[in-house]
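S.K.: A single structure is presented below for examination.
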Amino acid sequence: GQQLNQSPQSMFIQEGEDVSMNCTSSSIFNTWLWYKQDPGEGPVLLIALYKAGELTSNGRLTAQFGITRKDSFLNISASIPSDVGIYFCAGHRKTSYDKVIFGPGTSLSVIP
Amino acid sequence: SAVISQKPSRDICQRGTSLTIQCQVDSQVTMMFWYRQQPGQSLTLIATANQGSEATYESGFVIDKFPISRPNLTFSTLTVSNMSPEDSSIYLCSVAGLAGGSYEQYFGPGTRLTVT
(Lines give C-alpha, C1' and ligand atoms only; values in the text may rest on other atoms or scores of the structure.)
Protein backbone atom coordinates (compact mmCIF):
# COMPACT_ATOMS: atom_id res chain seq x y z
CA GLY A 1 0.00 0.00 0.00
CA GLN A 2 0.90 3.64 -0.11
CA GLN A 3 3.40 4.81 2.46
CA LEU A 4 4.82 8.13 3.51
CA ASN A 5 8.31 8.57 4.86
CA GLN A 6 9.25 11.39 7.17
CA SER A 7 12.73 12.57 8.03
CA PRO A 8 14.27 13.05 10.36
CA GLN A 9 12.55 10.63 12.72
CA SER A 10 13.53 12.85 15.64
CA MET A 11 15.50 16.00 16.23
CA PHE A 12 16.90 17.93 19.15
CA ILE A 13 17.58 21.61 18.56
CA GLN A 14 18.48 24.69 20.52
CA GLU A 15 15.83 27.30 21.12
CA GLY A 16 16.03 29.94 18.41
CA GLU A 17 17.27 27.59 15.70
CA ASP A 18 15.40 26.94 12.48
CA VAL A 19 13.95 23.48 11.81
CA SER A 20 13.43 21.63 8.54
CA MET A 21 11.65 18.34 8.05
CA ASN A 22 10.29 16.56 5.02
CA CYS A 23 7.85 14.00 3.86
CA THR A 24 8.25 11.79 0.79
CA SER A 25 6.11 9.29 -1.06
CA SER A 26 6.32 6.98 -4.02
CA SER A 27 2.84 8.14 -5.05
CA ILE A 28 1.48 11.46 -6.23
CA PHE A 29 -0.82 13.41 -3.93
CA ASN A 30 -3.13 16.32 -4.64
CA THR A 31 -3.16 17.59 -1.07
CA TRP A 32 -0.53 17.68 1.64
CA LEU A 33 -1.50 18.30 5.26
CA TRP A 34 0.84 19.02 8.15
CA TYR A 35 -0.22 18.37 11.76
CA LYS A 36 1.32 18.90 15.19
CA GLN A 37 0.46 16.66 18.11
CA ASP A 38 1.21 17.65 21.67
CA PRO A 39 1.46 14.91 24.31
CA GLY A 40 -1.98 13.70 25.34
CA GLU A 41 -3.75 15.72 22.64
CA GLY A 42 -5.19 15.10 19.20
CA PRO A 43 -3.31 16.26 16.08
CA VAL A 44 -3.88 19.89 15.12
CA LEU A 45 -3.88 20.93 11.47
CA LEU A 46 -1.11 23.47 10.85
CA ILE A 47 -0.97 23.95 7.11
CA ALA A 48 -2.78 22.55 4.06
CA LEU A 49 -1.23 22.59 0.56
CA TYR A 50 -3.13 22.06 -2.68
CA LYS A 51 -0.90 22.93 -5.65
CA ALA A 52 2.50 21.69 -6.78
CA GLY A 53 5.11 24.29 -5.91
CA GLU A 54 2.78 26.06 -3.46
CA LEU A 55 4.49 27.75 -0.53
CA THR A 56 2.25 28.55 2.45
CA SER A 57 3.06 30.17 5.77
CA ASN A 58 1.35 30.10 9.16
CA GLY A 59 3.26 32.36 11.53
CA ARG A 60 6.75 30.93 11.95
CA LEU A 61 5.81 27.83 9.98
CA THR A 62 6.30 27.52 6.24
CA ALA A 63 5.38 24.48 4.18
CA GLN A 64 5.91 23.67 0.53
CA PHE A 65 4.18 21.30 -1.87
CA GLY A 66 6.94 19.62 -3.88
CA ILE A 67 7.07 20.10 -7.64
CA THR A 68 6.93 16.34 -8.25
CA ARG A 69 3.81 16.12 -6.01
CA LYS A 70 5.56 13.27 -4.20
CA ASP A 71 7.01 15.31 -1.37
CA SER A 72 6.44 18.19 1.01
CA PHE A 73 8.57 20.21 3.40
CA LEU A 74 7.89 21.97 6.68
CA ASN A 75 10.15 24.64 8.11
CA ILE A 76 9.91 26.26 11.53
CA SER A 77 11.84 29.44 12.08
CA ALA A 78 13.25 30.66 15.40
CA SER A 79 12.05 27.65 17.39
CA ILE A 80 10.59 28.11 20.87
CA PRO A 81 9.93 25.56 23.63
CA SER A 82 6.23 25.23 22.74
CA ASP A 83 7.20 23.89 19.31
CA VAL A 84 7.96 20.59 21.05
CA GLY A 85 5.77 17.78 19.79
CA ILE A 86 5.32 15.31 16.99
CA TYR A 87 4.80 16.61 13.46
CA PHE A 88 2.85 14.42 11.06
CA CYS A 89 2.52 14.86 7.32
CA ALA A 90 -0.47 13.43 5.50
CA GLY A 91 -1.26 13.05 1.83
CA HIS A 92 -4.62 12.93 0.13
CA ARG A 93 -5.15 11.99 -3.45
CA LYS A 94 -8.09 13.25 -5.40
CA THR A 95 -11.59 12.25 -4.52
CA SER A 96 -13.48 12.50 -1.27
CA TYR A 97 -13.47 8.71 -1.17
CA ASP A 98 -9.71 8.48 -0.94
CA LYS A 99 -8.30 8.00 2.54
CA VAL A 100 -5.62 10.26 3.92
CA ILE A 101 -2.25 8.55 4.33
CA PHE A 102 -0.23 9.56 7.40
CA GLY A 103 3.52 9.60 7.81
CA PRO A 104 5.22 8.09 10.88
CA GLY A 105 5.96 11.51 12.36
CA THR A 106 8.96 13.63 13.30
CA SER A 107 9.53 14.17 17.00
CA LEU A 108 10.89 17.62 17.81
CA SER A 109 12.58 18.53 21.07
CA VAL A 110 13.68 22.10 21.79
CA ILE A 111 16.42 22.72 24.31
CA PRO A 112 15.96 26.04 26.10
CA SER B 1 -12.63 24.30 10.79
CA ALA B 2 -14.78 22.02 12.94
CA VAL B 3 -14.77 21.78 16.72
CA ILE B 4 -14.77 18.17 17.84
CA SER B 5 -15.30 16.90 21.37
CA GLN B 6 -14.85 13.37 22.67
CA LYS B 7 -16.03 11.66 25.83
CA PRO B 8 -14.50 10.25 27.91
CA SER B 9 -11.10 11.91 27.61
CA ARG B 10 -9.50 8.91 29.29
CA ASP B 11 -10.48 5.71 31.02
CA ILE B 12 -8.95 2.71 32.71
CA CYS B 13 -10.90 -0.47 32.00
CA GLN B 14 -10.68 -4.10 32.98
CA ARG B 15 -9.99 -6.87 30.52
CA GLY B 16 -13.13 -8.32 28.99
CA THR B 17 -15.27 -5.21 29.39
CA SER B 18 -16.42 -2.76 26.71
CA LEU B 19 -16.13 1.01 26.42
CA THR B 20 -18.16 3.34 24.23
CA ILE B 21 -16.51 6.56 23.09
CA GLN B 22 -18.65 9.48 21.96
CA CYS B 23 -17.74 12.07 19.33
CA GLN B 24 -19.68 15.31 18.89
CA VAL B 25 -19.02 17.86 16.14
CA ASP B 26 -20.24 21.45 16.21
CA SER B 27 -21.41 21.37 12.59
CA GLN B 28 -22.78 18.86 10.10
CA VAL B 29 -20.00 16.94 8.38
CA THR B 30 -20.06 14.44 5.56
CA MET B 31 -17.02 12.38 6.40
CA MET B 32 -16.34 11.06 9.88
CA PHE B 33 -13.61 8.63 10.85
CA TRP B 34 -12.25 6.73 13.83
CA TYR B 35 -8.51 6.27 14.27
CA ARG B 36 -6.33 4.39 16.71
CA GLN B 37 -2.92 5.61 17.79
CA GLN B 38 -0.82 3.11 19.70
CA PRO B 39 1.95 4.43 21.96
CA GLY B 40 4.72 6.07 19.95
CA GLN B 41 3.02 5.29 16.64
CA SER B 42 1.29 7.14 13.85
CA LEU B 43 -2.43 7.17 13.20
CA THR B 44 -4.20 4.05 11.96
CA LEU B 45 -7.65 4.30 10.41
CA ILE B 46 -10.16 1.94 12.01
CA ALA B 47 -13.24 2.78 9.98
CA THR B 48 -15.30 5.40 8.22
CA ALA B 49 -18.52 6.15 10.09
CA ASN B 50 -21.36 6.35 7.59
CA GLN B 51 -24.53 8.19 8.49
CA GLY B 52 -27.52 5.92 8.32
CA SER B 53 -25.62 2.83 7.26
CA GLU B 54 -22.98 0.40 8.47
CA ALA B 55 -19.46 1.70 8.95
CA THR B 56 -16.74 0.83 6.44
CA TYR B 57 -13.90 -0.97 8.21
CA GLU B 58 -10.24 -1.05 7.24
CA SER B 59 -8.29 -4.25 6.94
CA GLY B 60 -7.60 -5.74 10.36
CA PHE B 61 -10.62 -4.17 12.04
CA VAL B 62 -14.03 -5.84 12.38
CA ILE B 63 -17.47 -4.71 13.40
CA ASP B 64 -17.79 -7.22 16.24
CA LYS B 65 -14.73 -5.74 17.94
CA PHE B 66 -15.30 -2.07 17.06
CA PRO B 67 -19.01 -1.42 16.50
CA ILE B 68 -19.69 2.11 15.30
CA SER B 69 -22.86 4.13 15.22
CA ARG B 70 -23.55 7.35 13.37
CA PRO B 71 -27.16 8.38 13.86
CA ASN B 72 -26.75 11.86 12.34
CA LEU B 73 -24.22 14.20 10.73
CA THR B 74 -22.83 15.56 13.99
CA PHE B 75 -22.47 12.52 16.26
CA SER B 76 -20.81 9.12 16.29
CA THR B 77 -19.83 6.45 18.79
CA LEU B 78 -17.09 3.84 18.75
CA THR B 79 -17.27 0.85 21.08
CA VAL B 80 -14.18 -1.13 21.94
CA SER B 81 -15.55 -4.56 22.83
CA ASN B 82 -14.17 -7.36 24.96
CA MET B 83 -11.07 -5.36 25.68
CA SER B 84 -7.58 -6.74 26.18
CA PRO B 85 -4.37 -4.90 27.16
CA GLU B 86 -3.48 -4.73 23.44
CA ASP B 87 -6.39 -2.32 22.99
CA SER B 88 -4.64 0.26 25.16
CA SER B 89 -4.32 3.21 22.78
CA ILE B 90 -5.53 6.67 22.00
CA TYR B 91 -8.75 6.62 19.99
CA LEU B 92 -9.38 9.65 17.83
CA CYS B 93 -12.48 10.91 16.10
CA SER B 94 -11.86 12.82 12.89
CA VAL B 95 -13.93 14.74 10.37
CA ALA B 96 -13.13 15.79 6.84
CA GLY B 97 -14.66 17.65 3.96
CA LEU B 98 -14.11 19.37 0.67
CA ALA B 99 -14.46 23.10 1.22
CA GLY B 100 -14.51 24.69 -2.22
CA GLY B 101 -12.74 21.63 -3.59
CA SER B 102 -9.98 21.78 -0.97
CA TYR B 103 -9.68 18.77 1.34
CA GLU B 104 -9.26 19.36 5.07
CA GLN B 105 -9.32 16.93 7.97
CA TYR B 106 -9.56 17.68 11.68
CA PHE B 107 -9.18 15.60 14.82
CA GLY B 108 -10.79 15.49 18.20
CA PRO B 109 -8.75 15.59 21.41
CA GLY B 110 -8.68 11.80 21.67
CA THR B 111 -9.68 9.23 24.27
CA ARG B 112 -6.79 7.63 26.11
CA LEU B 113 -7.71 4.04 26.96
CA THR B 114 -5.76 1.83 29.32
CA VAL B 115 -6.82 -1.79 29.69
CA THR B 116 -5.63 -3.69 32.73
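Numbering starts fresh at 1 for the residues of each chain in the C-alpha coordinates, the chains themselves are lettered A, B, ... in the order given, and ligands are numbered from 1 as they appear.
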Do you know which residues are at most 8 Å from range 8-19 of chain A counting only C-alpha atoms, after dropping those on the same chain fewer than 5 positions away, and could you put them as a PyMOL selection string?
M.R.: chain A and resi 75-81+104-112
S.K.: For Leu74 in chain A, please output as a PyMOL selection string all residues within 8 Å (counting only C-alpha atoms; exclusion window: fewer than 6 positions along the same chain).
M.R.: chain A and resi 20-22+34+61-64
S.K.: Show me, as a VMD selection string, the residues of chain B whose atoms get within 6 Å of chain A, using only C-alpha atoms for the distance check.
M.R.: chain B and resid 42 107 to 110
S.K.: Taking 4 positions as the minimum chain separation for residues in the same chain, which residues sit within 10 Å of Thr68 in chain A when counting only C-alpha atoms? Answer as a list of chain:residue names.
M.R.: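 Counting only C-alpha atoms, the residues come to A:Ser27, A:Ile28, A:Phe29, A:Ala52, A:Gly53, A:Ser72.
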S.K.: With N, CA and C atoms kept, could you save the residues just selected as an mmCIF file, in the first residue's frame?
M.R.:
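As written to disk, out-v3.cif reads:
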data_model
loop_
_atom_site.group_PDB
_atom_site.id
_atom_site.type_symbol
_atom_site.label_atom_id
_atom_site.label_comp_id
_atom_site.auth_asym_id
_atom_site.auth_seq_id
_atom_site.Cartn_x
_atom_site.Cartn_y
_atom_site.Cartn_z
ATOM 1 N N SER A 27 4.068 7.824 -4.313
ATOM 2 C CA SER A 27 2.843 8.140 -5.049
ATOM 3 C C SER A 27 2.619 9.641 -5.100
ATOM 4 N N ILE A 28 1.844 10.052 -6.088
ATOM 5 C CA ILE A 28 1.477 11.464 -6.232
ATOM 6 C C ILE A 28 0.273 11.778 -5.356
ATOM 7 N N PHE A 29 0.314 12.938 -4.720
ATOM 8 C CA PHE A 29 -0.819 13.407 -3.933
ATOM 9 C C PHE A 29 -1.292 14.756 -4.451
ATOM 10 N N ALA A 52 1.078 21.945 -6.662
ATOM 11 C CA ALA A 52 2.504 21.688 -6.781
ATOM 12 C C ALA A 52 3.252 23.000 -6.816
ATOM 13 N N GLY A 53 4.311 23.073 -5.982
ATOM 14 C CA GLY A 53 5.105 24.288 -5.911
ATOM 15 C C GLY A 53 4.582 25.314 -4.912
ATOM 16 N N SER A 72 6.805 16.924 0.390
ATOM 17 C CA SER A 72 6.442 18.193 1.008
ATOM 18 C C SER A 72 7.437 18.489 2.117
#
S.K.: Please identify which residues in chain A DSSP calls strand (DSSP E or B) from the backbone, and express them as a PyMOL selection string.
M.R.: chain A and resi 4-7+10-14+19-25+31-37+44-49+55-58+61-65+71-76+85-92+101-102+106-111
S.K.: Please list as a list of chain:residue names every residue within 8 Å of Asp71 in chain A, counting only C-alpha atoms and excluding residues in the same chain fewer than 4 positions away.
M.R.: A:Asn22, A:Cys23, A:Thr24, A:Ser25, A:Phe65, A:Gly66, A:Ile67
S.K.: So, counting only C-alpha atoms, which residue among B:Gln6, B:Ser1, B:Thr111, B:Gln14 is closest to Asn82 in chain B?
M.R.: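 Among B:Gln6, B:Ser1, B:Thr111, B:Gln14, it is B:Gln14 that comes nearest to Asn82 in chain B.
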S.K.: Report, in Å to a single decimal, how far apart CA of Tyr35 in chain B and CA of Thr77 in chain B are.
M.R.: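 Computing it gives 12.2 Å between the two atoms.
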S.K.: One decimal, Å: what's the distance from CA of Met32 in chain B over to CA of Tyr103 in chain B, could you say?
M.R.: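 Result for CA of Met32 in chain B versus CA of Tyr103 in chain B: 13.3 Å, one decimal.
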S.K.: Counting only C-alpha atoms, which of A:Leu55, A:Val84, A:Leu4, A:Cys89 gets nearest to Asp38 in chain A?
M.R.: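 Going through A:Leu55, A:Val84, A:Leu4, A:Cys89 one by one, the smallest distance to Asp38 in chain A is for A:Val84.
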S.K.: Show which residues sit within 10 Å of Glu86 in chain B, as a PyMOL selection string. Count only C-alpha atoms, and ignore same-chain residues fewer than 6 positions away.
M.R.: chain B and resi 15+38+114-116
S.K.: Name the residues in contact with Pro8 in chain B at a cut-off of 10 Å, using only C-alpha atoms, excluding same-chain residues fewer than 5 positions from it; report them as a count of residues only.
M.R.: 9
